[in-house]
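Trainee: Coordinates in final_13.cif, mmCIF, C-alpha atoms and all ligand atoms, are listed below.
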data_protein
#
loop_
_atom_site.label_atom_id
_atom_site.label_comp_id
_atom_site.auth_asym_id
_atom_site.auth_seq_id
_atom_site.Cartn_x
_atom_site.Cartn_y
_atom_site.Cartn_z
CA MET A 1 36.64 104.38 125.04
CA LEU A 2 37.26 107.62 123.15
CA GLY A 3 40.82 106.65 122.22
CA PRO A 4 39.96 104.16 119.44
CA VAL A 5 37.42 106.60 117.91
CA ILE A 6 40.03 109.36 117.78
CA LEU A 7 42.61 106.95 116.35
CA ALA A 8 40.14 105.95 113.61
CA ALA A 9 39.60 109.68 112.88
CA SER A 10 43.37 110.11 112.64
CA ARG A 11 43.25 108.08 109.41
CA SER A 12 40.24 109.94 107.92
CA ASP A 13 40.87 112.54 105.21
CA ARG A 14 37.49 114.17 105.87
CA MET A 15 38.29 114.66 109.57
CA ARG A 16 41.77 115.86 108.63
CA ARG A 17 40.29 118.63 106.45
CA LEU A 18 37.70 119.58 109.07
CA ILE A 19 40.06 119.72 112.04
CA SER A 20 42.95 121.34 110.18
CA ALA A 21 40.66 124.17 109.03
CA ALA A 22 39.23 124.96 112.49
CA PRO A 23 40.63 128.35 113.56
CA VAL A 24 41.25 127.29 117.15
CA THR A 25 43.17 124.14 116.25
CA LYS A 26 46.50 125.90 115.88
CA GLN A 27 46.62 127.05 119.53
CA VAL A 28 45.99 123.52 120.78
CA VAL A 29 48.44 122.01 118.27
CA ASP A 30 51.21 124.37 119.40
CA ARG A 31 51.34 122.70 122.80
CA PHE A 32 52.61 119.49 121.17
CA ILE A 33 54.16 120.75 117.90
CA PRO A 34 55.86 124.03 118.75
CA GLY A 35 56.89 125.16 115.26
CA GLU A 36 56.47 124.71 111.54
CA THR A 37 59.97 125.41 110.21
CA VAL A 38 63.59 124.78 111.19
CA ASP A 39 63.85 128.49 112.01
CA ASP A 40 60.94 128.17 114.47
CA ILE A 41 62.51 125.19 116.16
CA VAL A 42 66.13 126.32 116.62
CA PRO A 43 65.31 128.63 119.60
CA ILE A 44 63.44 125.72 121.22
CA ILE A 45 66.43 123.41 120.75
CA GLU A 46 68.64 126.07 122.33
CA GLU A 47 66.27 126.60 125.23
CA LEU A 48 65.82 122.90 126.07
CA THR A 49 69.49 121.99 125.74
CA GLY A 50 70.23 125.07 127.89
CA HIS A 51 68.15 123.37 130.62
CA GLY A 52 70.31 120.22 130.41
CA LEU A 53 67.80 118.28 128.30
CA GLU A 54 68.59 116.29 125.16
CA LEU A 55 66.29 116.12 122.15
CA THR A 56 65.10 113.87 119.40
CA MET A 57 63.66 115.88 116.52
CA ASP A 58 60.69 114.72 114.46
CA VAL A 59 59.69 116.45 111.22
CA VAL A 60 55.99 115.58 111.31
CA GLY A 61 54.48 113.66 108.41
CA GLU A 62 53.46 110.12 107.53
CA ASP A 63 51.54 108.06 104.98
CA ILE A 64 52.75 110.07 101.98
CA THR A 65 51.46 109.02 98.56
CA THR A 66 54.16 109.88 96.00
CA PRO A 67 57.94 109.28 95.70
CA GLU A 68 58.37 113.06 95.38
CA GLN A 69 56.86 113.56 98.85
CA ALA A 70 59.22 110.89 100.20
CA ALA A 71 62.19 112.74 98.69
CA ALA A 72 60.90 115.99 100.20
CA ALA A 73 60.78 114.31 103.63
CA ARG A 74 64.40 113.21 103.22
CA ASP A 75 65.38 116.76 102.22
CA ALA A 76 63.56 118.26 105.21
CA TYR A 77 65.64 116.07 107.53
CA LEU A 78 68.84 116.93 105.63
CA ALA A 79 68.04 120.64 106.06
CA LEU A 80 67.60 120.00 109.78
CA VAL A 81 71.01 118.29 109.92
CA ASP A 82 72.56 121.38 108.29
CA ARG A 83 71.21 123.55 111.10
CA LEU A 84 72.22 121.07 113.79
CA LYS A 85 75.74 121.12 112.37
CA GLU A 86 75.90 124.88 113.09
CA LEU A 87 74.64 124.34 116.64
CA GLN A 88 77.38 121.74 117.33
CA LEU A 89 75.33 119.80 119.85
CA GLY A 90 76.42 116.33 118.67
CA GLU A 91 74.41 113.43 120.06
CA ARG A 92 72.53 115.75 122.43
CA VAL A 93 70.14 116.29 119.51
CA GLU A 94 69.26 113.22 117.47
CA MET A 95 66.39 112.62 115.03
CA SER A 96 63.35 110.36 114.92
CA VAL A 97 61.88 109.33 111.57
CA LYS A 98 58.73 107.59 110.43
CA LEU A 99 59.49 105.32 107.48
CA SER A 100 55.99 105.82 106.05
CA MET A 101 57.07 109.42 105.44
CA PHE A 102 60.08 108.10 103.50
CA GLY A 103 57.91 106.07 101.11
CA GLN A 104 57.63 102.69 102.88
CA ALA A 105 53.99 102.13 101.85
CA LEU A 106 54.49 102.93 98.15
CA GLU A 107 55.26 100.36 95.45
CA GLY A 108 58.80 99.11 96.09
CA GLY A 109 58.46 101.03 99.34
CA HIS A 110 60.87 99.01 101.46
CA GLU A 111 63.81 99.79 99.14
CA LEU A 112 62.61 103.37 98.62
CA ALA A 113 62.37 104.07 102.35
CA LEU A 114 65.84 102.58 102.91
CA ALA A 115 67.28 104.64 100.04
CA ASN A 116 65.71 107.82 101.46
CA VAL A 117 66.60 107.28 105.10
CA ARG A 118 70.21 106.18 104.51
CA PRO A 119 71.50 109.67 103.54
CA VAL A 120 69.85 111.10 106.66
CA VAL A 121 71.57 108.51 108.86
CA GLU A 122 74.90 109.22 107.12
CA ALA A 123 74.50 112.99 107.50
CA ALA A 124 73.60 112.54 111.17
CA ALA A 125 76.69 110.39 111.76
CA ALA A 126 78.87 113.04 110.09
CA ILE A 127 77.83 115.57 112.78
CA GLY A 128 78.19 113.09 115.65
CA THR A 129 74.56 112.18 116.14
CA THR A 130 72.12 109.48 115.11
CA VAL A 131 68.61 108.53 114.01
CA THR A 132 65.89 106.43 115.64
CA LEU A 133 63.26 104.68 113.53
CA ASP A 134 59.80 105.22 115.03
CA ALA A 135 57.39 102.27 115.18
CA GLU A 136 54.16 102.72 113.22
CA ASP A 137 51.31 100.23 112.84
CA HIS A 138 52.11 96.51 113.14
CA THR A 139 51.96 95.82 109.38
CA THR A 140 55.05 98.02 108.84
CA LEU A 141 57.32 96.53 111.47
CA ASP A 142 59.05 93.65 109.62
CA SER A 143 60.20 96.19 107.05
CA MET A 144 61.22 98.68 109.77
CA PHE A 145 63.33 96.07 111.60
CA ALA A 146 64.98 94.97 108.33
CA ILE A 147 65.83 98.61 107.52
CA HIS A 148 67.15 99.06 111.05
CA GLU A 149 69.43 96.05 110.63
CA ALA A 150 70.66 97.24 107.23
CA LEU A 151 71.47 100.71 108.60
CA ARG A 152 73.26 99.29 111.62
CA GLU A 153 75.82 97.54 109.39
CA ASP A 154 77.54 100.92 108.86
CA HIS A 155 75.94 102.91 111.69
CA PRO A 156 75.39 100.67 114.72
CA GLN A 157 74.06 103.59 116.77
CA THR A 158 70.89 103.74 114.67
CA GLY A 159 67.99 103.13 117.03
CA CYS A 160 64.50 101.73 116.70
CA VAL A 161 61.25 101.74 118.65
CA ILE A 162 59.32 98.79 120.03
CA GLN A 163 55.75 98.86 121.33
CA ALA A 164 54.80 97.04 124.55
CA TYR A 165 51.18 96.50 123.42
CA LEU A 166 52.18 94.09 120.62
CA PHE A 167 52.46 90.38 121.40
CA ARG A 168 55.50 90.10 119.11
CA THR A 169 57.53 92.67 121.06
CA GLU A 170 58.95 90.39 123.76
CA ALA A 171 60.72 88.37 121.04
CA ASP A 172 61.84 91.55 119.22
CA ALA A 173 63.23 92.93 122.49
CA SER A 174 65.28 89.79 123.16
CA ARG A 175 66.82 89.94 119.70
CA LEU A 176 67.60 93.67 119.92
CA ALA A 177 68.94 93.41 123.47
CA ALA A 178 71.30 90.63 122.37
CA ASN A 179 72.66 92.51 119.35
CA GLY A 180 73.45 95.70 121.30
CA SER A 181 70.86 98.00 119.72
CA ARG A 182 69.65 101.37 120.96
CA VAL A 183 65.97 100.69 121.61
CA ARG A 184 63.16 103.01 122.68
CA LEU A 185 60.38 101.16 124.45
CA VAL A 186 56.91 102.77 124.30
CA LYS A 187 53.42 101.53 125.13
CA GLY A 188 52.18 101.98 121.54
CA ALA A 189 49.99 104.67 119.99
CA TYR A 190 48.10 103.04 117.08
CA LYS A 191 44.74 101.29 116.85
CA GLU A 192 45.71 97.60 116.77
CA PRO A 193 43.43 94.53 116.62
CA ALA A 194 43.12 92.04 119.50
CA GLU A 195 44.83 89.36 117.37
CA VAL A 196 48.15 91.20 117.58
CA ALA A 197 48.01 93.47 120.62
CA HIS A 198 46.98 93.69 124.27
CA GLN A 199 43.90 95.89 124.59
CA GLN A 200 43.81 96.48 128.35
CA LYS A 201 45.96 99.14 129.98
CA HIS A 202 47.06 96.87 132.84
CA GLU A 203 48.15 94.15 130.36
CA ILE A 204 50.14 96.71 128.38
CA ASP A 205 51.79 98.04 131.54
CA LYS A 206 52.74 94.52 132.68
CA ALA A 207 54.20 93.75 129.25
CA TYR A 208 56.12 97.05 129.37
CA VAL A 209 57.84 96.02 132.61
CA ARG A 210 58.70 92.51 131.30
CA ILE A 211 60.19 93.95 128.12
CA LEU A 212 62.07 96.70 129.93
CA LYS A 213 63.68 94.07 132.15
CA VAL A 214 64.93 92.26 129.02
CA LEU A 215 66.37 95.51 127.63
CA MET A 216 68.00 96.53 130.92
CA GLU A 217 69.63 93.12 131.34
CA GLY A 218 70.78 93.01 127.70
CA GLU A 219 73.72 94.39 125.77
CA GLY A 220 71.99 97.38 124.19
CA TYR A 221 71.05 100.92 125.17
CA PRO A 222 67.48 101.17 126.57
CA MET A 223 65.47 104.36 126.02
CA ILE A 224 62.42 104.52 128.26
CA GLY A 225 59.73 106.33 126.24
CA SER A 226 56.95 106.93 128.75
CA HIS A 227 55.37 109.62 130.93
CA ASP A 228 53.95 107.05 133.31
CA PRO A 229 55.37 107.84 136.80
CA ARG A 230 55.09 104.19 137.88
CA LEU A 231 57.08 102.98 134.89
CA VAL A 232 59.67 105.72 135.35
CA SER A 233 60.39 104.58 138.91
CA ILE A 234 60.35 100.88 137.92
CA ALA A 235 62.86 101.73 135.17
CA GLN A 236 65.17 103.36 137.73
CA GLU A 237 64.94 100.27 139.91
CA LEU A 238 65.58 97.87 136.99
CA ALA A 239 68.57 99.95 135.86
CA ARG A 240 70.00 99.82 139.37
CA LYS A 241 69.50 96.05 139.60
CA ALA A 242 71.13 95.55 136.18
CA GLY A 243 74.13 97.61 137.36
CA ARG A 244 73.64 100.28 134.70
CA LYS A 245 75.25 103.68 135.21
CA PRO A 246 73.19 106.86 134.47
CA ASP A 247 74.76 107.19 131.00
CA GLU A 248 73.85 103.59 130.08
CA TYR A 249 70.13 104.26 129.51
CA GLU A 250 67.92 107.30 129.09
CA PHE A 251 64.41 108.57 129.62
CA GLN A 252 62.41 110.06 126.77
CA MET A 253 59.18 112.06 126.89
CA LEU A 254 57.18 114.09 124.39
CA TYR A 255 57.38 117.87 124.16
CA GLY A 256 54.33 119.41 125.84
CA ILE A 257 53.71 116.50 128.21
CA ARG A 258 54.86 116.54 131.88
CA GLY A 259 57.52 119.19 131.23
CA GLU A 260 58.28 119.55 134.95
CA GLU A 261 59.17 115.86 135.04
CA HIS A 262 61.67 116.33 132.17
CA LEU A 263 63.49 118.90 134.30
CA ARG A 264 63.26 116.87 137.50
CA LEU A 265 64.82 113.77 135.93
CA ALA A 266 67.56 115.81 134.26
CA ALA A 267 68.31 117.59 137.56
CA GLU A 268 68.63 114.18 139.26
CA GLY A 269 71.42 113.34 136.82
CA HIS A 270 69.45 111.20 134.35
CA ARG A 271 69.75 111.51 130.61
CA MET A 272 66.40 112.97 129.59
CA ARG A 273 65.56 113.34 125.92
CA VAL A 274 62.54 115.33 124.73
CA TYR A 275 60.86 114.14 121.54
CA THR A 276 60.16 117.44 119.77
CA ALA A 277 58.00 117.48 116.65
CA TYR A 278 57.71 120.33 114.17
CA GLY A 279 56.38 120.90 110.66
CA THR A 280 53.10 121.48 108.90
CA ASP A 281 51.78 117.94 108.38
CA TRP A 282 50.91 117.56 112.04
CA TYR A 283 47.44 115.97 111.85
CA GLY A 284 48.31 112.29 112.58
CA TYR A 285 50.75 113.17 115.37
CA PHE A 286 48.28 115.58 116.97
CA MET A 287 45.38 113.12 116.86
CA ARG A 288 47.47 110.42 118.59
CA ARG A 289 48.19 112.89 121.41
CA LEU A 290 44.45 113.58 121.74
CA ALA A 291 43.71 109.84 121.80
CA GLU A 292 46.20 109.23 124.62
CA LYS A 293 44.42 111.53 127.02
CA PRO A 294 40.67 112.24 126.76
CA ALA A 295 41.16 115.46 128.77
CA ASN A 296 43.11 116.82 125.78
CA LEU A 297 40.10 116.20 123.56
CA ARG A 298 37.74 117.86 126.04
CA PHE A 299 40.04 120.90 126.16
CA PHE A 300 40.15 120.98 122.35
CA VAL A 301 36.37 120.74 121.97
CA ARG A 302 35.79 123.35 124.70
CA SER A 303 38.18 125.76 122.95
CA MET A 304 36.25 125.29 119.71
CA LEU A 305 32.89 125.93 121.38
CA THR A 306 34.01 129.03 123.25
CA LYS A 307 35.56 130.66 120.18
P1 LIG B 1 50.09 106.70 129.72
O1 LIG B 1 49.32 106.87 128.45
O2 LIG B 1 49.58 105.73 130.73
O3 LIG B 1 50.28 108.12 130.36
C1 LIG B 1 50.86 108.33 131.64
C2 LIG B 1 50.59 109.76 132.04
O4 LIG B 1 51.29 110.64 131.14
C3 LIG B 1 49.13 110.18 131.88
O5 LIG B 1 48.39 109.89 133.06
C4 LIG B 1 49.24 111.66 131.62
O6 LIG B 1 49.47 112.37 132.81
C5 LIG B 1 50.49 111.76 130.78
N1 LIG B 1 50.18 111.70 129.34
C6 LIG B 1 50.39 110.65 128.50
N2 LIG B 1 50.03 110.99 127.23
C7 LIG B 1 49.56 112.25 127.30
C8 LIG B 1 49.05 113.16 126.33
N3 LIG B 1 48.94 112.84 125.03
N4 LIG B 1 48.67 114.38 126.75
C9 LIG B 1 48.78 114.76 128.06
N5 LIG B 1 49.27 113.93 129.03
C10 LIG B 1 49.66 112.70 128.65
N6 LIG B 1 54.26 105.33 120.00
C11 LIG B 1 54.37 104.51 118.93
O7 LIG B 1 53.48 103.72 118.65
N7 LIG B 1 55.49 104.60 118.13
C12 LIG B 1 56.52 105.44 118.41
O8 LIG B 1 57.51 105.46 117.67
C13 LIG B 1 56.42 106.28 119.56
N8 LIG B 1 57.43 107.14 119.90
C14 LIG B 1 57.37 107.77 121.12
C15 LIG B 1 58.47 108.50 121.58
C16 LIG B 1 58.48 109.01 122.87
C17 LIG B 1 59.69 109.74 123.37
C18 LIG B 1 57.35 108.84 123.71
C19 LIG B 1 57.33 109.36 125.12
C20 LIG B 1 56.23 108.18 123.25
C21 LIG B 1 56.22 107.65 121.94
N9 LIG B 1 55.11 106.97 121.46
C22 LIG B 1 55.25 106.19 120.34
C23 LIG B 1 53.80 107.11 122.14
C24 LIG B 1 53.54 105.99 123.15
O9 LIG B 1 53.29 104.79 122.48
C25 LIG B 1 52.34 106.32 124.05
O10 LIG B 1 51.19 106.45 123.26
C26 LIG B 1 52.48 107.59 124.87
O11 LIG B 1 53.79 107.73 125.36
C27 LIG B 1 51.53 107.55 126.09
O12 LIG B 1 51.88 106.50 126.92
P2 LIG B 1 52.63 106.66 128.34
O13 LIG B 1 53.68 105.62 128.42
O14 LIG B 1 53.10 108.04 128.50
O15 LIG B 1 51.58 106.23 129.42
#
For the file at hand, write its structure as structure tokens.
Mentor:
Amino acid sequence: MLGPVILAASRSDRMRRLISAAPVTKQVVDRFIPGETVDDIVPIIEELTGHGLELTMDVVGEDITTPEQAAAARDAYLALVDRLKELQLGERVEMSVKLSMFGQALEGGHELALANVRPVVEAAAAIGTTVTLDAEDHTTLDSMFAIHEALREDHPQTGCVIQAYLFRTEADASRLAANGSRVRLVKGAYKEPAEVAHQQKHEIDKAYVRILKVLMEGEGYPMIGSHDPRLVSIAQELARKAGRKPDEYEFQMLYGIRGEEHLRLAAEGHRMRVYTAYGTDWYGYFMRRLAEKPANLRFFVRSMLTK
């Protein structure tokens, strides 16, 4: 019940100002977004890769309002690639991007986002890694899939995300599984209307399994983006049935959530990639993490009251 309220707040400028200014917020934010700059994040990359984990890096930010901000987002990712080049970790550290941060919602936004993300994809390829396009709200997805297709012409490893809660996703999964794409399947983190998305958890979970089966049986590279223990074991079973070897799919989880499970899966010989966000524009990302688990919100509110 709280989830939709928090998701609505995630789009409110007033709430953004209020929550960002609260002194205690930073401590709670750090659990999910463990740094503001590339310098903060390099030791974390070294620590996690040292534990046998792989990473996908997200420079937080979304819904920008000017082309200059979109260019700044591109430059922030290019600066990250420069540092990754020094670390020489290749595809063990890839990047996730939100196209709304690259200008997708501005006038002429589709072309602008493509023009901004292309140099990041090229720079990533030059150091032996790749980029995955995150899925945002349903109104942005046709453009995201078209950009994904355009980028794959030169860089077929470019990945994208699909969301099990959307009715359209079963068809998207079939297309992407047939054309050999790298695809991260997640449940979905935005507030979506009943006309386009399942609203009940059990419906979303059932859809997740159906879609995962399509991905596992297809030609592409499935990335299982979930912390749900039931789905993790179903994924292992589906991979086995589809005859996939451990390097023919991977698990992905968010930094700060079920960290012991990241290590357990990696120790069992699975590819385990940790989605690690950093930067200063963390509000939207943070609010989605609160919405996913009401206990996070209770902890946050309690911390504010006891300060
Ligand atoms: P579920 O919500 O059922 O959680 C299962 C268990 O995991 C919970 O019982 C709890 O223990 C733990 N857990 C989950 N979320 C938690 C939280 N916030 N805090 C503490 N514990 C938590 N969404 C999207 O719309 N577009 C995208 O591009 C992405 N990208 C993405 C990348 C990766 C690597 C992951 C793992 C997830 C995303 N998501 C996403 C978010 C996704 O849609 C979804 O909201 C979350 O993963 C939560 O769903 P679960 O599958 O983990 O299941």
Trainee: Mind checking which residues fall within 12 Å of Glu170 of chain A, counting all atoms listed in the file, ignoring those fewer than 2 positions away in the same chain, and posting them as a list in words?
Mentor: Ile162, Gln163, Ala164, Tyr165, Leu166, Phe167, Arg168, Asp172, Ala173, Ser174, Arg175, Leu176, Ala177, Leu185, Ala197, Ile204, Lys206, Ala207, Tyr208, Val209, Arg210, Ile211, Leu212, Lys213, Val214 and Leu215 of chain A
Trainee: Using all atoms listed in the file, find each protein or nucleic acid residue lying at most 9 Å from ligand LIG 1 (chain B); present the set as JSON, numbers by chain.
Mentor: {"A": [32, 56, 96, 97, 98, 132, 133, 134, 135, 136, 137, 160, 161, 162, 163, 164, 165, 184, 185, 186, 187, 188, 189, 190, 201, 205, 208, 223, 224, 225, 226, 227, 228, 229, 230, 231, 251, 252, 253, 254, 255, 256, 257, 258, 273, 274, 275, 276, 286, 287, 288, 289, 290, 291, 292, 293, 294, 295, 296]}
Trainee: Please provide the set of residues having any atom within 7 Å of Pro222 of chain A, restricted to all atoms listed in the file, with same-chain residues fewer than 5 positions apart removed, written as a VMD selection string.
Mentor: chain A and resid 182 to 184 215 to 216 249 to 250
Trainee: Measuring between all atoms listed in the file, which one of A:Leu78, A:Ala105, A:Leu87, A:Val29 shows the shortest distance to Thr49 of chain A?
Mentor: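 Checking each of A:Leu78, A:Ala105, A:Leu87, A:Val29 against Thr49 of chain A, counting all atoms listed in the file, the winner is A:Leu87.
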Trainee: Set the distance at 8 Å and use only C-alpha atoms: which residues neighbour Gly284 of chain A once local chain neighbours fewer than 4 positions away are removed? I'd like the list as an MDAnalysis selection string.
Mentor: chainID A and resid 10:11 61:62 288
Trainee: For segment 14-18 of chain A, work out the shell of residues within 12 Å, counting all atoms listed in the file and skipping chain neighbours fewer than 6 positions away, then give it as a PyMOL selection string.
Mentor: chain A and resi 5-8+24-25+281-287
Trainee: Which is closest to Glu36 of chain A among A:Pro193, A:Val121, A:Asp13, A:Asp58, if we use only C-alpha atoms?
Mentor: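 Checking each candidate against Glu36 of chain A, we get A:Asp58 as the closest.
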Trainee: With distances taken over only C-alpha atoms, which residue among A:Val232, A:Leu89, A:Ala71, A:Val28 lies nearest His270 of chain A?
Mentor: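 Result for the nearest residue to His270 of chain A: A:Val232.
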Trainee: Report, in Å to a single decimal, how far apart atom CA of Glu94 of chain A and atom CA of Asp40 of chain A are.
Mentor: 17.4 Å
Trainee: From the list A:Arg118, A:Lys191, A:Met272, A:Val131, which residue is nearest Ala9 of chain A when using all atoms listed in the file?
Mentor: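 The closest residue to Ala9 of chain A is A:Lys191.
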Trainee: Since the input lacks some atoms of segment 36-53 of chain A, please model N, CA and C atoms and print them as a short mmCIF file (atom, residue, chain, number, x, y, z; two decimals), in the frame of the given file.
Mentor:
data_model
loop_
_atom_site.label_atom_id
_atom_site.label_comp_id
_atom_site.auth_asym_id
_atom_site.auth_seq_id
_atom_site.Cartn_x
_atom_site.Cartn_y
_atom_site.Cartn_z
N GLU A 36 56.73 125.27 112.87
CA GLU A 36 56.47 124.71 111.54
C GLU A 36 57.76 124.57 110.73
N THR A 37 58.76 125.41 111.03
CA THR A 37 59.97 125.41 110.21
C THR A 37 61.20 125.19 111.09
N VAL A 38 62.34 124.93 110.43
CA VAL A 38 63.59 124.78 111.19
C VAL A 38 63.88 126.07 111.96
N ASP A 39 63.58 127.23 111.32
CA ASP A 39 63.85 128.49 112.01
C ASP A 39 63.02 128.62 113.29
N ASP A 40 61.77 128.12 113.25
CA ASP A 40 60.94 128.17 114.47
C ASP A 40 61.55 127.32 115.58
N ILE A 41 62.17 126.22 115.18
CA ILE A 41 62.51 125.19 116.16
C ILE A 41 63.89 125.40 116.78
N VAL A 42 64.76 126.13 116.09
CA VAL A 42 66.13 126.32 116.62
C VAL A 42 66.12 126.97 118.01
N PRO A 43 65.32 128.05 118.24
CA PRO A 43 65.31 128.63 119.60
C PRO A 43 64.82 127.62 120.66
N ILE A 44 63.93 126.72 120.26
CA ILE A 44 63.44 125.72 121.22
C ILE A 44 64.54 124.71 121.54
N ILE A 45 65.29 124.32 120.51
CA ILE A 45 66.43 123.41 120.75
C ILE A 45 67.41 124.08 121.71
N GLU A 46 67.67 125.37 121.47
CA GLU A 46 68.64 126.07 122.33
C GLU A 46 68.13 126.18 123.76
N GLU A 47 66.83 126.46 123.89
CA GLU A 47 66.27 126.60 125.23
C GLU A 47 66.33 125.27 126.00
N LEU A 48 65.88 124.19 125.35
CA LEU A 48 65.82 122.90 126.07
C LEU A 48 67.21 122.38 126.39
N THR A 49 68.13 122.48 125.44
CA THR A 49 69.49 121.99 125.74
C THR A 49 70.12 122.87 126.82
N GLY A 50 69.74 124.16 126.84
CA GLY A 50 70.23 125.07 127.89
C GLY A 50 69.78 124.62 129.28
N HIS A 51 68.65 123.89 129.33
CA HIS A 51 68.15 123.37 130.62
C HIS A 51 68.72 121.98 130.93
N GLY A 52 69.70 121.54 130.14
CA GLY A 52 70.31 120.22 130.41
C GLY A 52 69.55 119.06 129.80
N LEU A 53 68.57 119.36 128.93
CA LEU A 53 67.80 118.28 128.30
C LEU A 53 68.44 117.92 126.96
#
